[in-house]
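Quick notes on the structure that follows.
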Amino acid sequence: MKKYILSIIILLSVLNLAYNQDTTAVVKEKDVPVVAPFESGILIDNQTCVIPPAKSLEFLIQHRFGTFEKGIENVYGIYSSANIRLGLNYSILDKLMVGYGLTRNKMYSDFQVKYNVLQQTRKNTIPVAVTLYGNMAINGQEKTTFEGGGEDSIYSFSNRLSYFGQVIIGRKFNDVFSLQATASFTHFNKVDVNLDHDKIGVGFNGRVKFSPQTSILFQFDFPLQIEGISEHREFVNPPQPNFALGYELSTGTHAFQIFVSNTDGIVPQEIYMYNQAEWEYISNWRFGFVMTRLWGF
């Protein structure tokens, strides 16, 4: 009888040891997303791979001042006419966000959606984040703005519409440096006769973090001149690259970014299609800022 009891005790001990080892192995294999590759869902003009947690509401103020052209006469554009966008974003899921915004220039109303296809993990099981972003903007200017211009001379509500889609691939290399690469497609239903309806662009943006709450930001967006999709034999007044440098101060629920850039556009398709300011000339630069506030429900 003692032999049977001893055998049962040994068997239970072996099974318990095997179970504990298996549980430990499962825990070791678990990988989770990296923490805060960026401080908010926007970096100057560009979306980031960050989506706030589910049931979060985010309020944004995006602002552009005038150019540096007149120097101290108008305090380097601060006294000039400005462009501003007010936006609200809501995270339906941890990986899915929708939003709406109003922009002063051209009275844009835009509807947007962002989805995280992949999230970078701490142990590099997934080495990069992949995010999809898209929007539709409605130009709210007077009806006469959309009349005239060849085959599009008859007014239609669809003439007001433009679209933007972007793939964002990002990586947090360490606690200091994060980088993103983007590829985008822009379409306007109606444009001037010498412009293309479609525009493809690429870009890079990132941050260098030098304290727990402060970072240096940079971006470079480049509209491509692709003859294969062009509707014209030559490019007339092609859009210029958008370059920006900024400083960010952030807390758990707030982010404030102040920067200089060479575009007055805020809606991304406006930047990629219509920016005519060459970034090499400092007179074309202008101050801007972004403020975000996050609430959880």
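The chains in the structure tokens are called A, B, ... from first to last as shown; in each chain the residues are counted from 1, and the ligands are counted from 1 in the order shown.
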List every residue of segment 127-208 of chain A that has an atom at most 10 Å from any atom of segment 48-52 of chain A, giving for each one its closest atom pair and the distance in Å to one decimal, counting only C-alpha atoms, sorted by chain and then by ascending residue number, as a tab-separated table.
```
residue	atom	partner	partner_atom	distance
A:Val128	CA	A:Cys49	CA	9.9
A:Ala129	CA	A:Cys49	CA	6.6
A:Val130	CA	A:Cys49	CA	7.0
A:Thr131	CA	A:Cys49	CA	5.6
A:Leu132	CA	A:Cys49	CA	8.5
A:Tyr133	CA	A:Cys49	CA	9.3
A:Val167	CA	A:Cys49	CA	9.8
A:Ile168	CA	A:Cys49	CA	6.8
A:Ile169	CA	A:Cys49	CA	7.6
A:Gly170	CA	A:Cys49	CA	6.7
A:Arg171	CA	A:Cys49	CA	9.0
A:Leu179	CA	A:Thr48	CA	9.7
A:Gln180	CA	A:Thr48	CA	7.7
A:Ala181	CA	A:Thr48	CA	9.9
A:Thr182	CA	A:Thr48	CA	9.7
A:Asn205	CA	A:Thr48	CA	8.9
A:Gly206	CA	A:Thr48	CA	9.0
```
Near Gly288 of chain A, within 8 Å and counting only C-alpha atoms, which residues show up once chain neighbours fewer than 6 positions away are dropped, as a PyMOL selection string?
chain A and resi 62-65+258-261
Which residues are near Arg104 of chain A? Cut-off 8 Å, only C-alpha atoms, ignore same chain within fewer than 3 positions. Put them as number ranges by chain.
A: 83-85, 107-108
May I have all residues of segment 69-272 of chain A that DSSP, computed from the backbone, assigns to strand (DSSP E or B), given as a ChimeraX atom specification?
/A:83-93,96-103,108-118,121,129-138,161-172,177-188,198-209,214-223,242-250,254-261
Would you kindly return, as a compact mmCIF listing (two decimals) with C-alpha atoms, in the first residue's frame, each protein, DNA or RNA residue with an atom no farther than 7 Å from any atom of Lys114 of chain A, considering only C-alpha atoms and excluding same-chain residues fewer than 2 positions away?
```
# COMPACT_ATOMS: atom_id res chain seq x y z
CA LEU A 96 -9.24 51.77 -34.62
CA MET A 97 -9.83 55.54 -34.48
CA VAL A 98 -12.27 57.82 -36.31
CA GLN A 112 -10.87 60.41 -41.10
CA ASN A 116 -3.19 49.77 -36.69
CA LEU A 132 -3.35 52.74 -42.41
CA TYR A 133 -4.83 56.24 -42.51
CA GLY A 134 -7.45 57.77 -44.78
```
One decimal, Å: what's the distance from atom CA of Glu58 of chain A over to atom CA of Leu294 of chain A, could you say?
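Calculated distance between atom CA of Glu58 of chain A and atom CA of Leu294 of chain A is 4.5 Å.
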